[in-house]
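See below for query_1.cif, which holds mmCIF, C-alpha atoms and all ligand atoms.
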data_start
#
loop_
_atom_site.label_atom_id
_atom_site.label_comp_id
_atom_site.auth_asym_id
_atom_site.auth_seq_id
_atom_site.Cartn_x
_atom_site.Cartn_y
_atom_site.Cartn_z
CA MET S 180 -44.24 -57.26 -13.92
CA LEU S 181 -41.89 -56.45 -11.07
CA ASP S 182 -40.66 -59.37 -8.99
CA SER S 183 -41.92 -60.29 -5.58
CA ILE S 184 -39.34 -61.82 -3.29
CA PRO S 185 -40.75 -64.12 -0.58
CA ASN S 186 -41.35 -62.36 2.64
CA SER S 187 -40.42 -63.75 6.04
CA VAL S 188 -40.76 -60.75 8.32
CA GLU S 189 -43.50 -58.71 9.97
CA SER S 190 -45.74 -56.62 7.76
CA SER S 191 -44.98 -52.95 7.16
CA GLU S 192 -47.97 -52.00 9.31
CA ALA S 193 -46.70 -54.05 12.27
CA LEU S 194 -43.21 -52.60 11.84
CA ALA S 195 -44.57 -49.04 11.68
CA ALA S 196 -46.37 -49.59 14.99
CA ARG S 197 -43.22 -51.07 16.51
CA ALA S 198 -41.04 -48.25 15.14
CA SER S 199 -43.28 -45.54 16.53
CA ARG S 200 -42.88 -47.00 20.02
CA VAL S 201 -39.12 -46.42 20.00
CA LEU S 202 -38.28 -43.94 17.23
CA ALA S 203 -39.73 -40.43 17.44
CA GLY S 204 -42.42 -40.40 14.77
CA GLY S 205 -41.25 -43.86 13.69
CA VAL S 206 -38.48 -42.27 11.61
CA ASN S 207 -35.04 -40.70 11.84
CA SER S 208 -35.62 -37.70 9.59
CA ASN S 209 -38.79 -35.61 9.56
CA PHE S 210 -38.74 -35.74 5.76
CA ARG S 211 -39.60 -39.44 6.09
CA ILE S 212 -42.76 -38.99 8.15
CA ALA S 213 -44.94 -39.19 5.03
CA GLY S 214 -43.55 -42.68 4.31
CA ALA S 215 -43.24 -43.87 7.90
CA ASP S 216 -45.14 -47.07 7.14
CA ARG S 217 -42.65 -48.21 4.49
CA PHE S 218 -39.63 -50.35 5.36
CA TRP S 219 -36.94 -51.16 2.85
CA ARG S 220 -34.80 -54.21 2.99
CA SER S 221 -32.59 -54.12 -0.09
CA GLY S 222 -31.77 -52.21 -3.21
CA SER S 223 -30.04 -53.20 -6.39
CA GLY S 224 -29.57 -50.94 -9.39
CA SER S 225 -32.80 -49.14 -10.21
CA ARG S 226 -34.88 -51.32 -7.89
CA ILE S 227 -35.65 -51.22 -4.19
CA VAL S 228 -37.39 -53.99 -2.28
CA ASP S 229 -39.61 -53.53 0.76
CA VAL S 230 -39.87 -55.89 3.70
CA ASN S 231 -42.98 -57.44 2.21
CA GLY S 232 -40.88 -58.55 -0.73
CA CYS S 233 -42.34 -56.05 -3.20
CA GLU S 234 -39.95 -54.55 -5.71
CA TYR S 235 -40.26 -50.96 -6.87
CA VAL S 236 -38.62 -48.95 -9.62
CA ASP S 237 -36.93 -46.37 -7.43
CA TYR S 238 -36.62 -42.72 -8.37
CA ALA S 239 -36.20 -41.53 -4.76
CA LEU S 240 -32.69 -43.07 -4.87
CA GLY S 241 -31.78 -42.15 -1.32
CA MET S 242 -32.92 -38.58 -2.06
CA GLY S 243 -30.59 -38.45 -5.02
CA THR S 244 -27.48 -39.99 -3.55
CA ALA S 245 -27.66 -43.33 -5.41
CA ILE S 246 -26.61 -41.91 -8.78
CA LEU S 247 -25.09 -45.27 -9.76
CA GLY S 248 -28.20 -47.09 -8.56
CA HIS S 249 -28.43 -49.01 -5.30
CA SER S 250 -25.52 -51.20 -4.17
CA PRO S 251 -23.07 -50.32 -6.98
CA ARG S 252 -20.55 -53.16 -6.99
CA ALA S 253 -17.37 -51.16 -7.65
CA VAL S 254 -18.19 -48.76 -4.82
CA LEU S 255 -19.07 -51.54 -2.37
CA GLU S 256 -15.89 -53.43 -3.18
CA ARG S 257 -13.65 -50.42 -2.70
CA VAL S 258 -15.35 -49.54 0.59
CA ALA S 259 -15.11 -53.14 1.81
CA ASP S 260 -11.38 -53.24 1.00
CA ALA S 261 -10.70 -49.90 2.65
CA GLN S 262 -12.69 -50.54 5.81
CA ARG S 263 -10.86 -53.79 6.48
CA ASP S 264 -7.72 -51.74 7.07
CA ILE S 265 -9.01 -48.64 8.87
CA GLN S 266 -12.36 -46.99 9.52
CA CYS S 267 -11.89 -43.71 11.30
CA PRO S 268 -8.28 -42.87 12.05
CA ALA S 269 -9.01 -39.26 13.09
CA GLY S 270 -5.89 -38.44 11.13
CA GLN S 271 -4.90 -38.19 7.51
CA GLN S 272 -5.15 -40.91 4.88
CA ILE S 273 -3.75 -40.93 1.35
CA ALA S 274 -7.26 -41.42 -0.04
CA GLU S 275 -8.34 -38.02 1.22
CA ILE S 276 -5.52 -36.31 -0.67
CA GLN S 277 -6.65 -38.22 -3.75
CA LEU S 278 -10.21 -37.07 -3.23
CA GLY S 279 -9.08 -33.47 -2.76
CA GLU S 280 -7.09 -33.72 -5.97
CA ARG S 281 -10.07 -35.15 -7.87
CA LEU S 282 -12.42 -32.45 -6.62
CA THR S 283 -10.04 -29.62 -7.47
CA GLU S 284 -9.62 -31.05 -10.99
CA LEU S 285 -13.34 -31.47 -11.57
CA VAL S 286 -15.17 -28.59 -9.89
CA PRO S 287 -14.38 -25.12 -11.33
CA SER S 288 -14.65 -23.27 -7.98
CA ALA S 289 -12.54 -25.83 -6.09
CA GLU S 290 -9.08 -24.60 -5.20
CA LEU S 291 -9.17 -26.02 -1.67
CA VAL S 292 -11.42 -28.67 -0.15
CA ARG S 293 -12.84 -29.69 3.22
CA ILE S 294 -14.68 -32.99 3.64
CA GLY S 295 -17.56 -33.55 6.06
CA CYS S 296 -20.51 -35.90 6.40
CA THR S 297 -23.70 -33.94 5.59
CA GLY S 298 -24.80 -31.08 3.40
CA SER S 299 -26.34 -29.27 6.38
CA GLU S 300 -23.05 -29.00 8.24
CA MET S 301 -21.00 -27.96 5.20
CA VAL S 302 -23.49 -25.16 4.52
CA GLN S 303 -22.75 -23.90 8.04
CA LEU S 304 -19.05 -23.81 7.27
CA ALA S 305 -19.75 -21.86 4.06
CA LEU S 306 -21.80 -19.26 5.97
CA ARG S 307 -19.12 -18.94 8.63
CA LEU S 308 -16.43 -18.45 6.00
CA ALA S 309 -18.44 -15.82 4.15
CA ARG S 310 -18.89 -13.86 7.37
CA ALA S 311 -15.24 -14.22 8.39
CA ALA S 312 -13.96 -13.21 4.96
CA THR S 313 -16.12 -10.10 4.66
CA GLY S 314 -16.49 -8.99 8.26
CA ARG S 315 -20.22 -8.61 7.52
CA SER S 316 -23.07 -10.60 8.94
CA LEU S 317 -26.06 -10.67 6.58
CA ILE S 318 -26.69 -13.80 4.49
CA VAL S 319 -29.13 -13.78 1.55
CA LYS S 320 -31.01 -16.95 0.72
CA PHE S 321 -33.90 -17.58 -1.61
CA GLN S 322 -37.45 -18.73 -1.25
CA GLY S 323 -38.02 -22.43 -1.80
CA HIS S 324 -34.31 -23.29 -1.58
CA TYR S 325 -33.29 -25.77 1.10
CA HIS S 326 -29.88 -25.66 2.73
CA GLY S 327 -30.29 -28.02 5.67
CA TRP S 328 -32.21 -27.99 8.89
CA PHE S 329 -29.92 -25.95 11.18
CA ASP S 330 -31.10 -22.85 13.06
CA SER S 331 -29.22 -20.24 11.02
CA ILE S 332 -30.63 -21.22 7.62
CA TYR S 333 -33.85 -23.22 7.99
CA SER S 334 -36.26 -20.62 6.69
CA GLY S 335 -38.01 -19.71 3.48
CA THR S 336 -38.67 -23.25 2.31
CA ALA S 337 -42.31 -23.32 3.37
CA GLY S 338 -45.13 -20.99 4.25
CA ALA S 339 -46.88 -18.08 2.68
CA PRO S 340 -45.92 -16.74 -0.74
CA LEU S 341 -43.29 -14.03 -0.62
CA THR S 342 -43.29 -11.00 -2.88
CA GLY S 343 -40.68 -8.67 -1.41
CA HIS S 344 -38.02 -9.80 1.01
CA LEU S 345 -38.16 -11.15 4.54
CA ARG S 346 -35.68 -9.87 7.10
CA PRO S 347 -35.21 -11.21 9.64
CA ALA S 348 -36.20 -14.56 8.19
CA PRO S 349 -38.98 -16.37 10.09
CA PRO S 350 -38.21 -19.66 11.86
CA GLN S 351 -39.83 -22.78 10.41
CA SER S 352 -39.42 -25.09 13.37
CA ALA S 353 -40.55 -24.83 16.95
CA GLY S 354 -37.52 -24.27 19.13
CA GLN S 355 -35.54 -22.60 16.38
CA LEU S 356 -33.61 -19.63 17.72
CA GLN S 357 -35.01 -16.41 16.24
CA GLY S 358 -31.68 -14.74 17.01
CA ALA S 359 -29.92 -17.19 14.71
CA LEU S 360 -32.05 -15.88 11.84
CA SER S 361 -31.64 -12.18 12.55
CA ASP S 362 -28.87 -11.94 9.96
CA LEU S 363 -30.68 -13.85 7.24
CA ALA S 364 -32.79 -12.30 4.49
CA VAL S 365 -35.04 -14.39 2.20
CA LEU S 366 -35.74 -13.16 -1.32
CA PRO S 367 -37.63 -14.60 -4.30
CA TRP S 368 -35.25 -16.41 -6.67
CA ASN S 369 -34.68 -16.07 -10.40
CA ASP S 370 -35.53 -12.39 -10.55
CA LEU S 371 -32.75 -9.83 -10.88
CA SER S 372 -35.29 -7.00 -10.77
CA ILE S 373 -35.89 -7.89 -7.09
CA LEU S 374 -32.29 -8.70 -6.20
CA GLU S 375 -30.75 -5.55 -7.71
CA PRO S 376 -32.73 -2.98 -5.71
CA PHE S 377 -32.30 -5.04 -2.55
CA LEU S 378 -28.54 -4.98 -2.99
CA ALA S 379 -28.53 -1.30 -3.97
CA THR S 380 -29.79 -0.64 -0.43
CA HIS S 381 -28.23 -3.50 1.55
CA GLY S 382 -25.37 -4.76 -0.64
CA ASP S 383 -22.59 -3.59 1.65
CA GLU S 384 -24.14 -5.44 4.61
CA VAL S 385 -24.23 -8.79 2.82
CA ALA S 386 -21.52 -11.33 3.62
CA GLY S 387 -22.77 -14.22 1.52
CA MET S 388 -25.47 -15.22 -0.92
CA ILE S 389 -26.47 -18.88 -1.04
CA MET S 390 -28.64 -20.61 -3.63
CA GLU S 391 -29.30 -23.89 -5.35
CA PRO S 392 -28.18 -23.03 -8.91
CA VAL S 393 -31.09 -25.18 -10.09
CA CYS S 394 -33.83 -25.06 -7.49
CA CYS S 395 -34.33 -28.80 -7.10
CA ASN S 396 -36.14 -28.42 -3.78
CA THR S 397 -38.99 -26.54 -5.47
CA SER S 398 -40.13 -28.41 -8.57
CA VAL S 399 -36.72 -28.41 -10.28
CA LEU S 400 -36.68 -24.79 -11.43
CA ALA S 401 -33.97 -23.90 -13.94
CA PRO S 402 -32.25 -20.51 -13.66
CA ARG S 403 -33.57 -18.00 -16.20
CA GLU S 404 -31.16 -17.14 -18.94
CA GLY S 405 -28.63 -14.65 -17.62
CA TYR S 406 -29.77 -14.97 -14.00
CA LEU S 407 -26.73 -16.77 -12.60
CA GLU S 408 -24.40 -14.50 -14.59
CA GLY S 409 -26.26 -11.47 -13.19
CA VAL S 410 -25.95 -12.83 -9.66
CA ARG S 411 -22.22 -13.37 -10.15
CA LEU S 412 -21.76 -9.78 -11.33
CA LEU S 413 -23.78 -8.37 -8.44
CA CYS S 414 -21.81 -10.39 -5.90
CA ASP S 415 -18.58 -9.07 -7.41
CA ARG S 416 -19.90 -5.51 -7.38
CA TYR S 417 -20.86 -5.64 -3.71
CA GLY S 418 -18.03 -7.88 -2.48
CA ILE S 419 -20.42 -10.70 -1.55
CA VAL S 420 -19.27 -14.33 -1.27
CA LEU S 421 -21.36 -16.36 -3.72
CA ILE S 422 -22.17 -19.85 -2.46
CA PHE S 423 -23.70 -22.49 -4.72
CA ASP S 424 -25.39 -25.27 -2.79
CA GLU S 425 -24.76 -28.13 -5.20
CA VAL S 426 -25.75 -30.88 -2.76
CA ILE S 427 -28.23 -32.13 -5.37
CA THR S 428 -26.76 -30.77 -8.63
CA GLY S 429 -23.12 -31.63 -7.89
CA PHE S 430 -21.99 -34.70 -9.86
CA ARG S 431 -25.59 -35.06 -11.04
CA LEU S 432 -25.78 -32.40 -13.73
CA GLY S 433 -22.28 -33.29 -14.86
CA PRO S 434 -18.79 -33.78 -13.38
CA ALA S 435 -18.60 -30.03 -12.81
CA GLY S 436 -22.18 -29.78 -11.50
CA ALA S 437 -24.47 -26.85 -12.28
CA GLN S 438 -21.52 -24.44 -12.31
CA GLY S 439 -20.03 -26.40 -15.18
CA ARG S 440 -23.33 -26.69 -16.99
CA PHE S 441 -24.22 -22.99 -16.72
CA LYS S 442 -20.62 -21.75 -16.78
CA VAL S 443 -20.92 -19.54 -13.74
CA THR S 444 -18.34 -20.09 -11.01
CA PRO S 445 -19.24 -19.34 -7.40
CA ASP S 446 -16.73 -18.63 -4.63
CA LEU S 447 -17.76 -21.58 -2.48
CA THR S 448 -19.62 -24.78 -3.35
CA VAL S 449 -21.33 -27.30 -1.11
CA LEU S 450 -21.33 -30.88 -2.43
CA GLY S 451 -22.98 -34.04 -1.10
CA LYS S 452 -25.42 -36.75 -2.17
CA ALA S 453 -24.20 -38.09 -5.58
CA LEU S 454 -20.58 -37.60 -4.49
CA GLY S 455 -20.91 -40.57 -2.10
CA ALA S 456 -23.10 -42.79 -4.32
CA GLY S 457 -25.04 -43.85 -1.21
CA PHE S 458 -22.39 -43.28 1.47
CA PRO S 459 -22.51 -40.31 3.85
CA ILE S 460 -20.11 -37.66 2.60
CA ALA S 461 -20.30 -33.95 1.84
CA ALA S 462 -17.71 -31.33 0.98
CA LEU S 463 -17.14 -27.61 0.93
CA VAL S 464 -14.86 -26.56 -1.89
CA GLY S 465 -13.87 -23.05 -2.85
CA ARG S 466 -11.50 -20.30 -3.75
CA GLU S 467 -8.20 -20.33 -1.91
CA ARG S 468 -8.69 -16.76 -0.69
CA PHE S 469 -11.72 -17.88 1.35
CA MET S 470 -10.74 -21.44 2.19
CA ARG S 471 -7.40 -20.28 3.59
CA LEU S 472 -9.30 -18.98 6.60
CA VAL S 473 -10.04 -22.59 7.52
CA ALA S 474 -6.51 -23.57 6.54
CA ASP S 475 -4.94 -21.08 8.94
CA GLY S 476 -7.29 -22.07 11.74
CA SER S 477 -9.00 -18.69 12.08
CA VAL S 478 -12.31 -20.26 10.99
CA MET S 479 -13.20 -23.38 12.96
CA HIS S 480 -14.31 -26.55 11.23
CA GLY S 481 -14.27 -29.96 12.91
CA GLY S 482 -15.91 -33.36 12.86
CA THR S 483 -15.04 -36.78 14.26
CA TYR S 484 -16.25 -38.65 11.20
CA ASN S 485 -14.96 -36.23 8.55
CA ALA S 486 -13.14 -38.10 5.77
CA ASN S 487 -13.73 -41.50 7.34
CA ALA S 488 -12.34 -44.32 5.22
CA MET S 489 -15.73 -45.60 4.05
CA ALA S 490 -16.94 -42.24 2.81
CA ILE S 491 -13.83 -41.11 0.98
CA ASN S 492 -13.30 -44.45 -0.70
CA ALA S 493 -16.93 -44.55 -1.78
CA ALA S 494 -16.50 -41.09 -3.31
CA LEU S 495 -13.29 -42.06 -5.08
CA ALA S 496 -14.90 -45.18 -6.54
CA ALA S 497 -17.99 -43.21 -7.59
CA LEU S 498 -15.90 -40.49 -9.27
CA ASP S 499 -13.88 -43.12 -11.14
CA ILE S 500 -17.09 -44.31 -12.77
CA LEU S 501 -18.80 -40.94 -13.16
CA CYS S 502 -15.77 -39.35 -14.80
CA ASP S 503 -14.55 -42.29 -16.87
CA PRO S 504 -14.44 -40.89 -20.43
CA GLU S 505 -15.14 -44.38 -21.82
CA GLN S 506 -18.42 -44.75 -19.96
CA HIS S 507 -20.25 -41.59 -21.10
CA VAL S 508 -22.21 -41.65 -17.87
CA TYR S 509 -23.67 -38.17 -18.13
CA ALA S 510 -24.80 -38.60 -21.73
CA GLN S 511 -26.53 -41.81 -20.65
CA LEU S 512 -28.16 -40.16 -17.59
CA GLU S 513 -29.33 -37.31 -19.77
CA SER S 514 -30.89 -39.54 -22.42
CA THR S 515 -32.62 -41.81 -19.86
CA ALA S 516 -34.03 -38.79 -18.06
CA THR S 517 -35.16 -37.20 -21.32
CA LEU S 518 -36.92 -40.42 -22.33
CA LEU S 519 -38.71 -40.47 -18.99
CA ALA S 520 -39.54 -36.76 -18.90
CA ASP S 521 -40.81 -36.75 -22.48
CA GLY S 522 -42.92 -39.84 -21.78
CA LEU S 523 -44.39 -38.26 -18.65
CA ALA S 524 -45.16 -35.03 -20.52
CA GLN S 525 -46.82 -37.02 -23.31
CA LEU S 526 -48.95 -38.91 -20.79
CA SER S 527 -49.93 -35.65 -19.14
CA LYS S 528 -51.09 -34.32 -22.52
CA GLN S 529 -53.17 -37.46 -23.11
CA HIS S 530 -54.82 -37.03 -19.70
CA GLY S 531 -55.87 -33.41 -19.83
CA GLY S 532 -52.48 -31.74 -19.44
CA THR S 533 -52.83 -31.11 -15.70
CA MET S 534 -49.44 -32.56 -14.76
CA SER S 535 -46.44 -30.32 -15.33
CA VAL S 536 -43.09 -31.98 -15.94
CA GLN S 537 -39.97 -29.94 -15.14
CA HIS S 538 -36.62 -31.38 -16.08
CA VAL S 539 -32.98 -30.33 -15.80
CA GLY S 540 -30.63 -33.20 -16.67
CA PRO S 541 -31.27 -36.28 -14.56
CA VAL S 542 -33.62 -34.53 -12.12
CA ILE S 543 -37.31 -34.36 -12.98
CA ASN S 544 -40.28 -32.99 -11.09
CA THR S 545 -43.94 -33.65 -11.63
CA ALA S 546 -46.64 -31.43 -10.14
CA PHE S 547 -50.24 -30.53 -10.80
CA SER S 548 -50.09 -26.89 -11.75
CA ALA S 549 -52.52 -26.56 -14.67
CA PRO S 550 -52.90 -24.55 -16.75
CA GLY S 551 -49.25 -23.37 -16.82
CA PRO S 552 -45.84 -24.65 -15.72
CA ILE S 553 -44.31 -23.96 -12.34
CA THR S 554 -42.09 -20.92 -12.76
CA ASP S 555 -41.38 -19.98 -9.16
CA TYR S 556 -42.15 -20.75 -5.56
CA ARG S 557 -45.51 -18.98 -5.76
CA THR S 558 -46.79 -21.04 -8.69
CA TYR S 559 -45.55 -24.15 -6.89
CA HIS S 560 -47.66 -23.27 -3.84
CA ALA S 561 -50.63 -22.51 -6.03
CA SER S 562 -50.39 -26.00 -7.57
CA ASP S 563 -52.67 -28.82 -6.42
CA LEU S 564 -50.53 -30.35 -3.67
CA ASP S 565 -53.29 -32.77 -2.58
CA ARG S 566 -53.52 -34.16 -6.09
CA GLN S 567 -49.76 -34.45 -6.12
CA GLN S 568 -49.81 -36.57 -2.94
CA GLU S 569 -52.62 -38.74 -4.32
CA PHE S 570 -50.68 -39.22 -7.57
CA LEU S 571 -47.53 -40.24 -5.69
CA ARG S 572 -49.45 -42.59 -3.38
CA ARG S 573 -51.07 -44.34 -6.31
CA LEU S 574 -47.78 -44.56 -8.17
CA GLU S 575 -46.29 -46.27 -5.15
CA GLU S 576 -49.18 -48.76 -5.24
CA GLU S 577 -48.05 -49.39 -8.82
CA ARG S 578 -44.54 -49.97 -7.47
CA VAL S 579 -42.96 -46.81 -8.73
CA ARG S 580 -41.32 -44.82 -5.95
CA VAL S 581 -40.80 -41.07 -6.27
CA THR S 582 -39.80 -38.56 -3.55
CA SER S 583 -42.63 -37.00 -1.56
CA ARG S 584 -42.02 -33.67 -3.35
CA GLY S 585 -42.60 -35.28 -6.74
CA THR S 586 -38.92 -35.25 -7.64
CA TRP S 587 -37.63 -38.12 -9.75
CA PHE S 588 -33.91 -38.89 -9.68
CA VAL S 589 -32.52 -41.01 -12.48
CA SER S 590 -29.48 -43.24 -12.01
CA THR S 591 -27.06 -44.91 -14.41
CA ALA S 592 -28.81 -48.19 -13.53
CA HIS S 593 -32.17 -47.07 -14.94
CA GLY S 594 -32.77 -48.48 -18.39
CA ARG S 595 -35.40 -48.69 -21.09
CA THR S 596 -37.38 -51.43 -19.29
CA ASP S 597 -37.60 -49.29 -16.14
CA ILE S 598 -38.85 -46.35 -18.15
CA GLU S 599 -41.42 -48.46 -19.99
CA LEU S 600 -42.75 -49.97 -16.75
CA THR S 601 -42.84 -46.52 -15.19
CA LEU S 602 -44.72 -44.90 -18.05
CA GLU S 603 -47.26 -47.73 -18.17
CA ALA S 604 -47.84 -47.37 -14.42
CA THR S 605 -48.07 -43.57 -14.67
CA GLY S 606 -50.60 -43.86 -17.48
CA ARG S 607 -52.82 -46.10 -15.32
CA VAL S 608 -52.52 -43.70 -12.37
CA LEU S 609 -53.36 -40.61 -14.45
CA GLU S 610 -56.29 -42.47 -15.99
CA ARG S 611 -57.73 -43.30 -12.57
CA LEU S 612 -56.89 -39.88 -11.12
CA GLY S 613 -58.71 -38.24 -14.00
CA SER S 614 -61.92 -39.99 -13.07
CA ALA S 615 -61.36 -39.72 -9.29
N1 LIG O 701 -28.71 -28.57 0.42
C1 LIG O 701 -29.57 -29.10 -0.46
C2 LIG O 701 -29.77 -28.43 -1.78
C3 LIG O 701 -30.26 -30.27 -0.15
O1 LIG O 701 -31.14 -30.76 -1.03
C4 LIG O 701 -30.00 -30.88 1.10
C5 LIG O 701 -30.69 -32.17 1.49
N2 LIG O 701 -31.78 -32.53 0.77
C6 LIG O 701 -29.12 -30.28 1.97
C7 LIG O 701 -28.47 -29.13 1.61
C8 LIG O 701 -28.84 -30.88 3.31
O2 LIG O 701 -28.04 -32.01 3.17
P1 LIG O 701 -28.03 -33.14 4.29
O3 LIG O 701 -29.39 -33.75 4.30
O4 LIG O 701 -26.96 -34.08 3.83
O5 LIG O 701 -27.70 -32.47 5.58
#

In structure tokens, what does this structure look like?
Ligand code: PMP
Amino acid sequence: MLDSIPNSVESSEALAARASRVLAGGVNSNFRIAGADRFWRSGSGSRIVDVNGCEYVDYALGMGTAILGHSPRAVLERVADAQRDIQCPAGQQIAEIQLGERLTELVPSAELVRIGCTGSEMVQLALRLARAATGRSLIVKFQGHYHGWFDSIYSGTAGAPLTGHLRPAPPQSAGQLQGALSDLAVLPWNDLSILEPFLATHGDEVAGMIMEPVCCNTSVLAPREGYLEGVRLLCDRYGIVLIFDEVITGFRLGPAGAQGRFKVTPDLTVLGKALGAGFPIAALVGRERFMRLVADGSVMHGGTYNANAMAINAALAALDILCDPEQHVYAQLESTATLLADGLAQLSKQHGGTMSVQHVGPVINTAFSAPGPITDYRTYHASDLDRQQEFLRRLEEERVRVTSRGTWFVSTAHGRTDIELTLEATGRVLERLGSA
């Protein structure tokens, strides 16, 4: 059984009511609206504790950032030491050179680096660079891929199934400037037979092409064999800047991210989440011939909090652990995730096979897509999303916390006991769901 720590505060329900009086929607990110009645008070390793004192095995992990589990001691100690001396000098620190050096050693596409705070903003810099470098304006993105919530890119992550391409891309938020999307085209992903003819017609208009190299924001879809290589060749043929958004896959699929795993090197790479092990940091890294446009000041990039002492020291401490050859972190993450994914798939089989389990390294997704697996954004939308929500709600009652999209992140802190507890809980939930 999971522990219960005595509770001395208001209930979650009372807090939710109080929150909604002062915070818009009771939350500070719209992605949290579904869990607006949950309040978390502490996290340690694979566990997170709510204000009622209930402990959960956590696979939401700060949406993937807590790759070393919650409150990793080495990271906290390094941040505490650093922040005693300086927090935000708005000038250079030695630690940011060290971080730049680490990133250029580890990430194949990284010849030069810029540090920021969030994935959303670093995506914007990537788009600006692609346009400046090519003198073109069109950006290609893919259906079901998420690259942040800003006007110029927030499109094609929801809505009706897409078969051809959308241009201009439709806005997804009220108040979003349609003009900001006029130079964005949305295409289905993982299909060169759609991309090739599109580029044959529009290739010389395209400045940049951005994608998640593994589509973690839609059911953890792996690239088909040869797809990323084909994309790389097409971008070279048409002079398009290829941008991998590795905000989720960076430092999660390995020290070199998805580009290392699939051996396809983009021109620019956006990093975030796992890089900070729970602290707010993101980076844009890339080829010198593009990044030099920021270096020479012709492309503007700014930010008061960029490379603040807490963030860069957290990243340095995290990378020390993640890339320590003695610790075999990625082999461990891989085997824990495989144990979990195999167990979930086995349970699905025992309970009628309606739950699909998709898995690339330490990112897993469960969805209810019977009879087949989820192969693209269309099959994802055709899956039983209500059943998915019910499954996740009941799992949370069993004290297993998964993201609201059914994505399970595994950390180095998750062990055999966590997996056993999780599989027992999942079995009970599937049993009851089956008869619901
Ligand atoms: N890109 C991807 C692939 C993401 O998953 C996210 C966030 N989930 C972002 C960009 C945006 O990052 P942030 O929330 O740090 O702005």

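Look at Leu407 of chain S: the protein and nucleic acid residues within 9 Å of it, using all atoms listed in the file and passing over chain neighbours fewer than 2 places away, are Asn369, Pro392, Pro402, Arg403, Glu404, Gly405, Gly409, Val410, Arg411, Leu412, Phe441, Lys442 and Val443 of chain S.
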
Output of the above residues as a PDB file, keeping the file's coordinate frame, restricted to C-alpha atoms:
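Below is the file result_3.pdb, written as the result:
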ATOM      1  CA  ASN S 369     -34.680 -16.070 -10.400  1.00  0.00           C
ATOM      2  CA  PRO S 392     -28.180 -23.030  -8.910  1.00  0.00           C
ATOM      3  CA  PRO S 402     -32.250 -20.510 -13.660  1.00  0.00           C
ATOM      4  CA  ARG S 403     -33.570 -18.000 -16.200  1.00  0.00           C
ATOM      5  CA  GLU S 404     -31.160 -17.140 -18.940  1.00  0.00           C
ATOM      6  CA  GLY S 405     -28.630 -14.650 -17.620  1.00  0.00           C
ATOM      7  CA  GLY S 409     -26.260 -11.470 -13.190  1.00  0.00           C
ATOM      8  CA  VAL S 410     -25.950 -12.830  -9.660  1.00  0.00           C
ATOM      9  CA  ARG S 411     -22.220 -13.370 -10.150  1.00  0.00           C
ATOM     10  CA  LEU S 412     -21.760  -9.780 -11.330  1.00  0.00           C
ATOM     11  CA  PHE S 441     -24.220 -22.990 -16.720  1.00  0.00           C
ATOM     12  CA  LYS S 442     -20.620 -21.750 -16.780  1.00  0.00           C
ATOM     13  CA  VAL S 443     -20.920 -19.540 -13.740  1.00  0.00           C
TER      14      VAL S 443
END

Check which residues of segment 467-514 of chain S sit at most 12 Å from segment 263-270 of chain S using all atoms listed in the file, and return one row each with the closest pair of atoms and their distance in Å to one decimal, ordered by chain and rising number, as CSV.
residue,atom,partner,partner_atom,distance
S:Gly481,CA,S:Ala269,CA,10.7
S:Gly482,CA,S:Ala269,CA,9.1
S:Thr483,CA,S:Ala269,CA,6.6
S:Tyr484,CA,S:Cys267,CA,6.7
S:Asn485,CA,S:Ala269,CA,8.1
S:Ala486,CA,S:Cys267,CA,8.0
S:Asn487,CA,S:Cys267,CA,4.9
S:Ala488,CA,S:Gln266,CA,5.1
S:Met489,CA,S:Gln266,CA,6.6
S:Ala490,CA,S:Gln266,CA,9.4
S:Ile491,CA,S:Gln266,CA,10.5
S:Asn492,CA,S:Gln266,CA,10.6

> How many Å lie between atom CA of Leu360 of chain S and atom CA of Leu400 of chain S, rounded to one decimal?
Replying inline: 25.3 Å

>> Show me which residues line ligand LIG 701 (chain O), defined as having an atom within 8 Å of a ligand atom where only C-alpha atoms and all ligand atoms count, and present them as a PyMOL selection string.
In response: chain S and resi 242+296-300+302+324-328+391+394-396+424-428+449+451-452+459-461

> Which one of S:Gly224, S:Glu467, S:Phe210, S:Glu610 sits closest to Leu447 of chain S if you count only C-alpha atoms?
Replying inline: S:Glu467

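Of the residues under consideration (S:Phe329, S:Ala239, S:Ala435, S:Phe430), S:Ala239 shows the shortest atom-to-atom contact distance to Gly585 of chain S when counting all atoms listed in the file.
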
> Which one is closest to His593 of chain S: S:Ala359, S:Leu526, S:Leu512, S:Leu450? Count all atoms listed in the file.
Replying inline: S:Leu512

> Can you tell me, as JSON, numbers by chain, what residues are no more than 12 Å from Val206 of chain S when counting only C-alpha atoms, ignoring any on the same chain fewer than 6 positions away?
Replying inline: {"S": [194, 195, 196, 197, 198, 199, 200, 212, 213, 214, 215, 216, 217, 218]}

File of the preceding selection, C-alpha atoms, as a compact mmCIF listing (two decimals), in the coordinates of the input:
# COMPACT_ATOMS: atom_id res chain seq x y z
CA LEU S 194 -43.21 -52.60 11.84
CA ALA S 195 -44.57 -49.04 11.68
CA ALA S 196 -46.37 -49.59 14.99
CA ARG S 197 -43.22 -51.07 16.51
CA ALA S 198 -41.04 -48.25 15.14
CA SER S 199 -43.28 -45.54 16.53
CA ARG S 200 -42.88 -47.00 20.02
CA ILE S 212 -42.76 -38.99 8.15
CA ALA S 213 -44.94 -39.19 5.03
CA GLY S 214 -43.55 -42.68 4.31
CA ALA S 215 -43.24 -43.87 7.90
CA ASP S 216 -45.14 -47.07 7.14
CA ARG S 217 -42.65 -48.21 4.49
CA PHE S 218 -39.63 -50.35 5.36
